Structures are given as structure tokens and as C-alpha cells.
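This is data_33.pdb. It holds PDB, C-alpha atoms.
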```pdb
MODEL        1
ATOM      1  CA  PRO Q   1     137.420   8.398  -8.341
ATOM      2  CA  VAL Q   2     134.611   9.977  -6.304
ATOM      3  CA  LEU Q   3     131.966   8.758  -8.712
ATOM      4  CA  THR Q   4     133.269   5.165  -8.571
ATOM      5  CA  MET Q   5     133.111   4.960  -4.777
ATOM      6  CA  THR Q   6     130.338   3.227  -2.926
ATOM      7  CA  SER Q   7     127.574   5.503  -1.704
ATOM      8  CA  GLU Q   8     128.858   5.329   1.874
ATOM      9  CA  GLN Q   9     132.441   6.068   0.851
ATOM     10  CA  ARG Q  10     131.317   8.943  -1.343
ATOM     11  CA  LEU Q  11     129.294  10.589   1.420
ATOM     12  CA  GLN Q  12     132.188  10.324   3.863
ATOM     13  CA  PHE Q  13     134.615  11.755   1.322
ATOM     14  CA  LEU Q  14     132.276  14.656   0.513
ATOM     15  CA  ARG Q  15     131.728  15.357   4.203
ATOM     16  CA  ASN Q  16     135.472  15.539   4.810
ATOM     17  CA  LEU Q  17     135.810  17.835   1.814
ATOM     18  CA  LEU Q  18     133.108  20.206   3.038
ATOM     19  CA  VAL Q  19     134.337  20.262   6.626
ATOM     20  CA  SER Q  20     137.784  21.311   5.371
ATOM     21  CA  SER Q  21     136.352  24.078   3.170
ATOM     22  CA  PRO Q  22     138.245  27.400   3.179
ATOM     23  CA  PRO Q  23     136.604  30.290   5.060
ATOM     24  CA  GLY Q  24     133.457  31.452   3.308
ATOM     25  CA  GLN Q  25     133.517  28.665   0.730
ATOM     26  CA  PHE Q  26     131.256  26.024   2.283
ATOM     27  CA  ASP Q  27     128.122  26.927   0.300
ATOM     28  CA  SER Q  28     130.013  27.390  -2.960
ATOM     29  CA  ILE Q  29     131.650  23.965  -2.665
ATOM     30  CA  LEU Q  30     128.347  22.407  -1.617
ATOM     31  CA  ASN Q  31     126.621  23.805  -4.712
ATOM     32  CA  SER Q  32     129.378  22.429  -6.954
ATOM     33  CA  ILE Q  33     129.052  19.009  -5.352
ATOM     34  CA  GLN Q  34     125.286  19.058  -5.783
ATOM     35  CA  ARG Q  35     125.612  19.865  -9.480
ATOM     36  CA  LEU Q  36     128.216  17.136  -9.999
ATOM     37  CA  LEU Q  37     126.140  14.474  -8.291
ATOM     38  CA  SER Q  38     122.996  15.490 -10.127
ATOM     39  CA  SER Q  39     124.583  15.428 -13.585
ATOM     40  CA  ALA Q  40     126.878  12.411 -13.173
ATOM     41  CA  LYS Q  41     125.024  10.121 -10.775
ATOM     42  CA  ASN Q  42     121.478  11.475 -10.699
ATOM     43  CA  GLU Q  43     121.885  11.712  -6.935
ATOM     44  CA  SER Q  44     121.253  14.450  -4.396
ATOM     45  CA  LEU Q  45     122.284  15.088  -0.818
ATOM     46  CA  THR Q  46     119.552  15.011   1.806
ATOM     47  CA  ASN Q  47     118.802  18.100   3.881
ATOM     48  CA  GLU Q  48     119.562  16.132   7.020
ATOM     49  CA  TRP Q  49     123.006  15.167   5.700
ATOM     50  CA  ILE Q  50     123.725  18.772   4.700
ATOM     51  CA  ASP Q  51     122.610  20.115   8.089
ATOM     52  CA  ASP Q  52     124.758  17.585   9.957
ATOM     53  CA  THR Q  53     127.777  18.409   7.786
ATOM     54  CA  ARG Q  54     127.248  22.148   8.197
ATOM     55  CA  SER Q  55     127.060  21.718  11.980
ATOM     56  CA  LEU Q  56     130.305  19.766  11.923
ATOM     57  CA  TYR Q  57     131.922  22.487   9.825
ATOM     58  CA  LYS Q  58     130.764  25.186  12.245
ATOM     59  CA  SER Q  59     132.042  23.222  15.213
ATOM     60  CA  LYS Q  60     135.533  23.574  13.735
ATOM     61  CA  HIS Q  61     135.213  27.343  13.838
ATOM     62  CA  VAL Q  62     135.150  29.033  17.201
ATOM     63  CA  VAL Q  63     133.422  32.044  15.667
ATOM     64  CA  SER Q  64     130.198  30.047  15.461
ATOM     65  CA  ASN Q  65     129.950  29.063  19.097
ATOM     66  CA  ALA Q  66     132.449  30.960  21.214
ATOM     67  CA  GLY Q  67     129.899  33.512  22.315
ATOM     68  CA  ASP Q  68     127.839  30.809  24.010
ATOM     69  CA  ALA Q  69     130.725  29.471  26.058
ATOM     70  CA  SER Q  70     131.406  30.679  29.572
ATOM     71  CA  SER Q  71     133.326  29.880  32.752
ATOM     72  CA  SER Q  72     132.643  30.222  36.438
ATOM     73  CA  HIS Q  73     136.298  30.977  37.225
ATOM     74  CA  ARG Q  74     136.778  34.228  39.169
ATOM     75  CA  HIS Q  75     139.071  35.653  36.474
ATOM     76  CA  SER Q  76     137.119  34.498  33.413
ATOM     77  CA  ASN Q  77     135.071  37.662  32.806
ATOM     78  CA  ALA Q  78     137.990  40.031  33.202
ATOM     79  CA  LEU Q  79     140.221  37.912  30.973
ATOM     80  CA  ALA Q  80     137.451  37.607  28.376
ATOM     81  CA  ASN Q  81     137.065  41.399  28.265
ATOM     82  CA  LEU Q  82     140.798  41.883  27.802
ATOM     83  CA  MET Q  83     140.889  39.333  24.978
ATOM     84  CA  GLU Q  84     137.857  40.866  23.264
ATOM     85  CA  ASN Q  85     139.591  44.247  23.266
ATOM     86  CA  TYR Q  86     142.793  42.655  21.980
ATOM     87  CA  VAL Q  87     140.984  41.035  19.050
ATOM     88  CA  LYS Q  88     139.090  44.244  18.217
ATOM     89  CA  GLU Q  89     142.257  46.326  18.285
ATOM     90  CA  ASN Q  90     144.391  43.971  16.228
ATOM     91  CA  PHE Q  91     142.100  42.070  13.881
ATOM     92  CA  SER Q  92     139.184  44.356  13.230
ATOM     93  CA  SER Q  93     138.268  45.503   9.726
ATOM     94  CA  LYS Q  94     135.117  45.916   7.653
ATOM     95  CA  LEU Q  95     135.522  42.397   6.278
ATOM     96  CA  SER Q  96     136.513  40.642   9.501
ATOM     97  CA  VAL Q  97     134.312  38.738  11.911
ATOM     98  CA  GLY Q  98     135.874  37.700  15.192
ATOM     99  CA  THR Q  99     135.011  36.422  18.623
ATOM    100  CA  THR Q 100     136.598  35.114  21.781
ATOM    101  CA  SER Q 101     135.622  32.776  24.590
ATOM    102  CA  VAL Q 102     136.924  31.812  28.006
ATOM    103  CA  THR Q 103     135.881  28.386  29.291
ATOM    104  CA  ASN Q 104     136.812  26.064  32.131
ATOM    105  CA  GLY Q 105     139.875  23.897  31.691
ATOM    106  CA  ASN Q 106     140.651  20.412  32.939
ATOM    107  CA  THR Q 107     140.951  21.521  36.561
ATOM    108  CA  PRO Q 108     139.295  24.271  38.636
ATOM    109  CA  ASN Q 109     142.497  26.326  38.285
ATOM    110  CA  ASP Q 110     142.610  26.153  34.483
ATOM    111  CA  LEU Q 111     141.036  28.350  31.821
ATOM    112  CA  ILE Q 112     140.922  27.894  28.056
ATOM    113  CA  VAL Q 113     140.971  31.084  25.988
ATOM    114  CA  ARG Q 114     139.907  30.839  22.358
ATOM    115  CA  SER Q 115     139.908  33.435  19.600
ATOM    116  CA  TYR Q 116     138.679  33.078  16.052
ATOM    117  CA  VAL Q 117     138.792  35.694  13.296
ATOM    118  CA  GLU Q 118     137.542  35.186   9.769
ATOM    119  CA  ARG Q 119     138.178  37.635   6.932
ATOM    120  CA  ILE Q 120     136.423  37.089   3.623
ATOM    121  CA  ASP Q 121     137.050  39.392   0.658
ATOM    122  CA  SER Q 122     135.095  37.807  -2.180
ATOM    123  CA  ALA Q 123     135.492  40.871  -4.398
ATOM    124  CA  ASN Q 124     139.253  40.353  -4.436
ATOM    125  CA  TYR Q 125     139.118  36.555  -4.350
ATOM    126  CA  HIS Q 126     140.797  35.853  -1.061
ATOM    127  CA  ALA Q 127     139.807  34.739   2.427
ATOM    128  CA  GLY Q 128     141.455  33.604   5.600
ATOM    129  CA  SER Q 129     141.013  32.632   9.220
ATOM    130  CA  TRP Q 130     143.009  32.872  12.426
ATOM    131  CA  ALA Q 131     142.233  30.480  15.280
ATOM    132  CA  SER Q 132     144.036  30.391  18.596
ATOM    133  CA  ARG Q 133     143.660  28.380  21.781
ATOM    134  CA  TRP Q 134     145.471  29.288  24.974
ATOM    135  CA  ASN Q 135     145.660  27.201  28.136
ATOM    136  CA  VAL Q 136     145.986  29.259  31.306
ATOM    137  CA  GLN Q 137     146.857  27.431  34.525
ATOM    138  CA  PHE Q 138     146.636  29.573  37.654
ATOM    139  CA  LEU Q 139     149.310  28.572  40.160
ATOM    140  CA  SER Q 140     148.277  31.453  42.420
ATOM    141  CA  ASN Q 141     146.704  34.885  42.129
ATOM    142  CA  LYS Q 142     150.053  36.218  40.930
ATOM    143  CA  GLU Q 143     151.429  33.382  38.813
ATOM    144  CA  VAL Q 144     150.173  31.384  35.828
ATOM    145  CA  VAL Q 145     151.506  28.927  33.256
ATOM    146  CA  LEU Q 146     150.571  29.809  29.672
ATOM    147  CA  SER Q 147     150.734  27.586  26.584
ATOM    148  CA  GLY Q 148     148.862  27.566  23.314
ATOM    149  CA  HIS Q 149     148.307  26.891  19.654
ATOM    150  CA  VAL Q 150     147.641  29.111  16.627
ATOM    151  CA  GLU Q 151     146.293  27.893  13.292
ATOM    152  CA  ILE Q 152     146.071  30.037  10.166
ATOM    153  CA  TYR Q 153     144.322  29.343   6.879
ATOM    154  CA  ALA Q 154     144.664  31.622   3.863
ATOM    155  CA  HIS Q 155     143.042  31.029   0.492
ATOM    156  CA  ALA Q 156     143.450  32.980  -2.751
ATOM    157  CA  TYR Q 157     141.446  31.986  -5.787
ATOM    158  CA  GLU Q 158     140.269  33.186  -9.180
ATOM    159  CA  GLU Q 159     138.740  31.462 -12.216
ATOM    160  CA  GLY Q 160     139.372  27.958 -10.938
ATOM    161  CA  ARG Q 161     142.944  28.597  -9.805
ATOM    162  CA  ASN Q 162     143.678  28.219  -6.097
ATOM    163  CA  PHE Q 163     146.476  28.834  -3.655
ATOM    164  CA  HIS Q 164     146.103  27.522  -0.092
ATOM    165  CA  LEU Q 165     148.216  28.197   2.952
ATOM    166  CA  GLN Q 166     147.810  26.391   6.256
ATOM    167  CA  SER Q 167     150.165  27.088   9.115
ATOM    168  CA  GLU Q 168     150.175  25.813  12.702
ATOM    169  CA  HIS Q 169     152.255  27.091  15.603
ATOM    170  CA  ASN Q 170     152.611  25.563  19.061
ATOM    171  CA  PHE Q 171     153.793  27.479  22.115
ATOM    172  CA  SER Q 172     155.322  25.616  25.046
ATOM    173  CA  SER Q 173     154.489  26.360  28.651
ATOM    174  CA  LEU Q 174     155.749  29.653  30.003
ATOM    175  CA  THR Q 175     155.409  30.861  33.601
ATOM    176  CA  ILE Q 176     154.158  34.432  33.987
ATOM    177  CA  SER Q 177     154.475  36.180  37.341
ATOM    178  CA  SER Q 178     153.176  39.516  38.517
ATOM    179  CA  PHE Q 179     154.521  41.387  41.524
ATOM    180  CA  SER Q 180     151.600  43.779  41.463
ATOM    181  CA  ASP Q 181     147.909  42.800  41.583
ATOM    182  CA  GLU Q 182     145.668  40.255  39.876
ATOM    183  CA  SER Q 183     144.614  42.762  37.232
ATOM    184  CA  SER Q 184     148.227  43.214  36.174
ATOM    185  CA  LEU Q 185     148.647  39.451  35.878
ATOM    186  CA  LEU Q 186     145.708  39.188  33.484
ATOM    187  CA  LYS Q 187     147.096  42.027  31.378
ATOM    188  CA  ASP Q 188     150.472  40.266  31.292
ATOM    189  CA  ILE Q 189     148.758  37.131  29.957
ATOM    190  CA  VAL Q 190     147.259  39.036  27.032
ATOM    191  CA  LYS Q 191     150.563  40.863  26.511
ATOM    192  CA  GLN Q 192     152.384  37.536  26.203
ATOM    193  CA  ILE Q 193     149.773  36.212  23.766
ATOM    194  CA  SER Q 194     150.229  39.354  21.664
ATOM    195  CA  SER Q 195     154.021  38.978  21.771
ATOM    196  CA  TRP Q 196     153.903  35.340  20.649
ATOM    197  CA  GLU Q 197     151.377  35.957  17.886
ATOM    198  CA  THR Q 198     153.288  38.959  16.576
ATOM    199  CA  GLU Q 199     156.890  37.814  16.841
ATOM    200  CA  LYS Q 200     156.485  34.075  16.241
ATOM    201  CA  VAL Q 201     153.614  33.976  13.768
ATOM    202  CA  VAL Q 202     152.814  37.210  11.958
ATOM    203  CA  GLU Q 203     156.237  38.696  11.353
ATOM    204  CA  PRO Q 204     157.892  35.482  10.058
ATOM    205  CA  MET Q 205     154.927  34.842   7.750
ATOM    206  CA  ARG Q 206     155.005  38.346   6.342
ATOM    207  CA  ASP Q 207     158.733  38.024   5.703
ATOM    208  CA  THR Q 208     158.164  34.706   3.967
ATOM    209  CA  PHE Q 209     155.510  36.114   1.638
ATOM    210  CA  GLN Q 210     157.585  39.147   0.784
ATOM    211  CA  GLU Q 211     160.524  36.911  -0.121
ATOM    212  CA  ILE Q 212     158.530  34.598  -2.358
ATOM    213  CA  SER Q 213     159.549  35.284  -5.931
ATOM    214  CA  ASP Q 214     157.653  34.674  -9.120
ATOM    215  CA  SER Q 215     160.023  31.853 -10.057
ATOM    216  CA  THR Q 216     159.638  30.177  -6.648
ATOM    217  CA  LEU Q 217     155.870  30.030  -6.926
ATOM    218  CA  LYS Q 218     156.016  28.821 -10.511
ATOM    219  CA  SER Q 219     158.161  25.892  -9.456
ATOM    220  CA  LEU Q 220     155.252  24.590  -7.381
ATOM    221  CA  ARG Q 221     153.142  23.755 -10.415
ATOM    222  CA  ARG Q 222     153.147  23.428 -14.187
ATOM    223  CA  VAL Q 223     153.716  26.528 -16.294
ATOM    224  CA  LEU Q 224     150.252  26.258 -17.769
ATOM    225  CA  PRO Q 225     147.489  24.751 -15.619
ATOM    226  CA  LEU Q 226     144.644  22.728 -17.018
ATOM    227  CA  THR Q 227     142.837  25.976 -17.804
ATOM    228  CA  ARG Q 228     145.704  26.796 -20.220
ATOM    229  CA  THR Q 229     145.952  30.235 -18.614
ATOM    230  CA  ARG Q 230     149.038  31.510 -16.834
ATOM    231  CA  MET Q 231     148.690  32.334 -13.143
ATOM    232  CA  ASP Q 232     149.678  35.882 -12.220
ATOM    233  CA  TRP Q 233     151.854  34.946  -9.242
ATOM    234  CA  ASN Q 234     152.735  38.554  -8.417
ATOM    235  CA  VAL Q 235     149.081  39.391  -7.890
ATOM    236  CA  LEU Q 236     148.563  36.175  -5.927
ATOM    237  CA  THR Q 237     151.493  36.881  -3.611
ATOM    238  CA  HIS Q 238     150.171  40.383  -3.002
ATOM    239  CA  ARG Q 239     146.793  38.977  -2.024
ATOM    240  CA  MET Q 240     148.310  36.509   0.407
ATOM    241  CA  VAL Q 241     150.277  39.326   2.071
ATOM    242  CA  LYS Q 242     147.065  41.356   2.352
ATOM    243  CA  MET Q 243     145.565  38.547   4.407
ATOM    244  CA  LEU Q 244     148.050  39.461   7.150
ATOM    245  CA  GLU Q 245     147.475  43.209   7.055
ATOM    246  CA  THR Q 246     144.881  43.288   9.830
ATOM    247  CA  ASN Q 247     146.967  41.708  12.575
ATOM    248  CA  PRO Q 248     149.122  42.600  15.579
ATOM    249  CA  ALA Q 249     152.261  43.225  13.485
ATOM    250  CA  ASN Q 250     150.763  46.392  12.081
ATOM    251  CA  LYS Q 251     149.988  47.932  15.435
TER
ENDMDL
END
```
Give the structure from this file in C-alpha cells form.
Amino acid sequence: PVLTMTSEQRLQFLRNLLVSSPPGQFDSILNSIQRLLSSAKNESLTNEWIDDTRSLYKSKHVVSNAGDASSSHRHSNALANLMENYVKENFSSKLSVGTTSVTNGNTPNDLIVRSYVERIDSANYHAGSWASRWNVQFLSNKEVVLSGHVEIYAHAYEEGRNFHLQSEHNFSSLTISSFSDESSLLKDIVKQISSWETEKVVEPMRDTFQEISDSTLKSLRRVLPLTRTRMDWNVLTHRMVKMLETNPANK
């Protein structure tokens, strides 16, 4: 179908495909597309088109630009430091790359806290990302309203066989009050983020993966794929669980 599209339709389709690439797979997918176009249509993508698409892909990942973002809010630096420590303590590993940012919100009393962690293990054929966005509305120096969103992407692959997981979690507004000082309030914000991410995201997902049986996964697809080779679902499930090993639930 891609090869029968008009040139404009094809470029838009390919751009959407590349922008939605799994973590660490942009260049690999781009190379495959280039080979396909060259052999089937005698076409090639321009450098300008590739650069624009790559920029769009990076804009979807906070890890590429969070470090450049900043806020003039009086609590932004302290909150950013707390979040950086939280990410380092709970997501850090040799294969992980993570960053955080604190930027101005819609009003002078609002802050937006973003975190992005990407873990790519090419040697074991799996990769994943964790992106969160938290809205912090300061009602006073001792009270805030916190809400947010977490999005997870896990990808296991080997010899043309793929398993993708995408999961999104929304967290409704919650009022956090501190009867101590402003520093305690900021720590309570990070504590609540940790509680939500651990109890509402990580632990349920780990339980789900551990409960997935070989027969359950097999029911999602044909017994023999087009490669005529059986998928080792036990190994695949193990890899997907490993994607969650460097997270708050293990601390």
C-alpha cells in the first residue's frame, strides 16, 4: 500500500511511522525505509526531510530538550533538584539516559515538571521509555494541587519479531498541604509523584507481566508467524519484565 500512495501521501505516512519509532530505533527504521524506496521506487529521502522528521521525533522525547528548559518561579530550582535526584535514584542504570525539567505553567503560580527516561539494551533486543508530566499549581507557600500523566513504551524484538507495549496513566488533581515549611512541601510533591508512579503504574504492570502465560501471548497471534519460526514467549515475557526492573518499585 505504501508504494501505491502518491508521493505526498507516502512522505506523510513515512514521517508518522518514524516519529512513532520505538526508543533507539529511529535510525534503524529510517535505513530500512531508505532501502525499500531505493529498490522499489528508485526514490530517496532528502536530507532536509530527514532532518525535519528527526527534529519532530526528538520533540516527542523530553530527554532531547528538557535540559534547556527553565522557569523563573521561586520554587523551580529546588523542585528541579529534587526531581533530578528522584530520577537518578529510581531509574538509573548503565543503559538508561534520563533527564528532568521544570518550566512555567499557564499562570504565574503553576509549574510543569517533566521527566523522561530511555533504556536501550540492543544486545538483549529490548528498549523502553518512561515519560511523565506533572502540573503543580501553588495555592500558597504551604499548599499545592498536583495532577499528571505517565506514558510508557516497551519494545522487545528479535529477528523480525516484535512485541510492543504502550501504556498511559492519568492522575486527577490532588491537594497537598504542608504544616511545616516550603522545603517540606516540595519534598511532599516528589513523594506523591513517587507514590503514584510506584503504586498505580509500576506495581500493576509488573503483576500483569508476571501473570501473562505462554498460552495467553500465543492467542494474540498465529502459531507460526510469516517467518515460519515459533516465538519464544517465555523469553519475551522475561524481557518485558526486565524493562521495569530499574524503577521505583524496586527501591
Residue nearest Ser101 of chain Q - candidates Q:Glu159, Q:Glu84, Q:Glu89, Q:Glu168, atoms counted: all atoms listed in the file: Q:Glu84
Test item: residues at most 12 Å from Lys41 of chain Q, only C-alpha atoms, excluding those fewer than 4 positions along its chain, as a PyMOL selection string: chain Q and resi 2-7+10+33-37+45
For Asn135 of chain Q, find every residue with an atom within 7 Å (counting all atoms listed in the file), except residues of its own chain fewer than 3 positions away, and show them as a PDB file with C-alpha atoms, in the coordinates of the input.
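Once everything was written out, this is selection.pdb:
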```
ATOM      1  CA  LEU Q 111     141.036  28.350  31.821  1.00  0.00           C
ATOM      2  CA  ILE Q 112     140.922  27.894  28.056  1.00  0.00           C
ATOM      3  CA  VAL Q 113     140.971  31.084  25.988  1.00  0.00           C
ATOM      4  CA  LEU Q 146     150.571  29.809  29.672  1.00  0.00           C
ATOM      5  CA  SER Q 147     150.734  27.586  26.584  1.00  0.00           C
ATOM      6  CA  GLY Q 148     148.862  27.566  23.314  1.00  0.00           C
TER       7      GLY Q 148
END
```
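For Trp196 of chain Q, the residues within 12 Å (counting all atoms listed in the file, excluding itself and residues fewer than 6 positions away along the chain) are Ser132, Trp134, Leu146, Ser147, Gly148, His149, Val150, His169, Asn170, Phe171, Ser172, Leu174, Ile189, Val190, Val202, Glu203, Pro204, Pro248 and Ala249 of chain Q.
The residue that comes closest to Thr99 of chain Q, out of Q:Glu197, Q:Glu48, Q:Glu118, Q:Glu182 and on the basis of all atoms listed in the file, is Q:Glu118.
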Atomic distance atom CA of Phe163 of chain Q - atom CA of Gly24 of chain Q, expressed in Å with one decimal: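 These atoms are spaced 15.0 Å apart.
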Answer as a ChimeraX atom specification, residues within 12 Å of (135.3, 24.1, 0.3) using only C-alpha atoms: /Q:14-33,54,57,127,155,157,162,164
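Counting all atoms listed in the file, the residue from Q:Gln137, Q:Ala123, Q:Glu158, Q:Leu82 that sits nearest to Asp188 of chain Q is Q:Leu82.
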Within 8 Å of Ser167 of chain Q using all atoms listed in the file, minus same-chain residues under 6 positions, as a PyMOL selection string: chain Q and resi 151-153
Coordinates-based distance that separates atom CA of Ala131 of chain Q from atom CA of Val117 of chain Q (Å, one decimal): 6.6 Å
Residue among Q:His75, Q:His126, Q:Lys191, Q:Lys88 lying closest to Asn109 of chain Q, counting all atoms listed in the file: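 The shortest atom-to-atom distance to Asn109 of chain Q comes from Q:His75.
Compared by their closest atoms to Ile193 of chain Q, and using only C-alpha atoms, the residues Q:Ser59, Q:Gln9, Q:Ser115, Q:Ser180 rank with Q:Ser115 nearest.
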Interatomic distance, atom CA of Val102 of chain Q to atom CA of Arg74 of chain Q (Å, one decimal):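 For atom CA of Val102 of chain Q relative to atom CA of Arg74 of chain Q, the distance reads 11.4 Å.
For the residues Q:Thr100, Q:Phe209, Q:Leu165, Q:Ser184, ranking by smallest atom-to-atom distance to Asn85 of chain Q using all atoms listed in the file places Q:Thr100 first.
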Evaluate the PyMOL selection byres ((chain Q and resi 179) around 12) and report residues as a list of chain:residue names: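 Output from the PyMOL selection byres ((chain Q and resi 179) around 12), applied to this file: Q:Ser140, Q:Asn141, Q:Lys142, Q:Glu143, Q:Ile176, Q:Ser177, Q:Ser178, Q:Ser180, Q:Asp181, Q:Glu182, Q:Ser183, Q:Ser184, Q:Leu185, Q:Asp188.
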Could you save those same residues with C-alpha atoms as an mmCIF file, in the frame of the given file?
```
data_model
loop_
_atom_site.group_PDB
_atom_site.id
_atom_site.type_symbol
_atom_site.label_atom_id
_atom_site.label_comp_id
_atom_site.auth_asym_id
_atom_site.auth_seq_id
_atom_site.Cartn_x
_atom_site.Cartn_y
_atom_site.Cartn_z
ATOM 1 C CA SER Q 140 148.277 31.453 42.420
ATOM 2 C CA ASN Q 141 146.704 34.885 42.129
ATOM 3 C CA LYS Q 142 150.053 36.218 40.930
ATOM 4 C CA GLU Q 143 151.429 33.382 38.813
ATOM 5 C CA ILE Q 176 154.158 34.432 33.987
ATOM 6 C CA SER Q 177 154.475 36.180 37.341
ATOM 7 C CA SER Q 178 153.176 39.516 38.517
ATOM 8 C CA SER Q 180 151.600 43.779 41.463
ATOM 9 C CA ASP Q 181 147.909 42.800 41.583
ATOM 10 C CA GLU Q 182 145.668 40.255 39.876
ATOM 11 C CA SER Q 183 144.614 42.762 37.232
ATOM 12 C CA SER Q 184 148.227 43.214 36.174
ATOM 13 C CA LEU Q 185 148.647 39.451 35.878
ATOM 14 C CA ASP Q 188 150.472 40.266 31.292
#
```
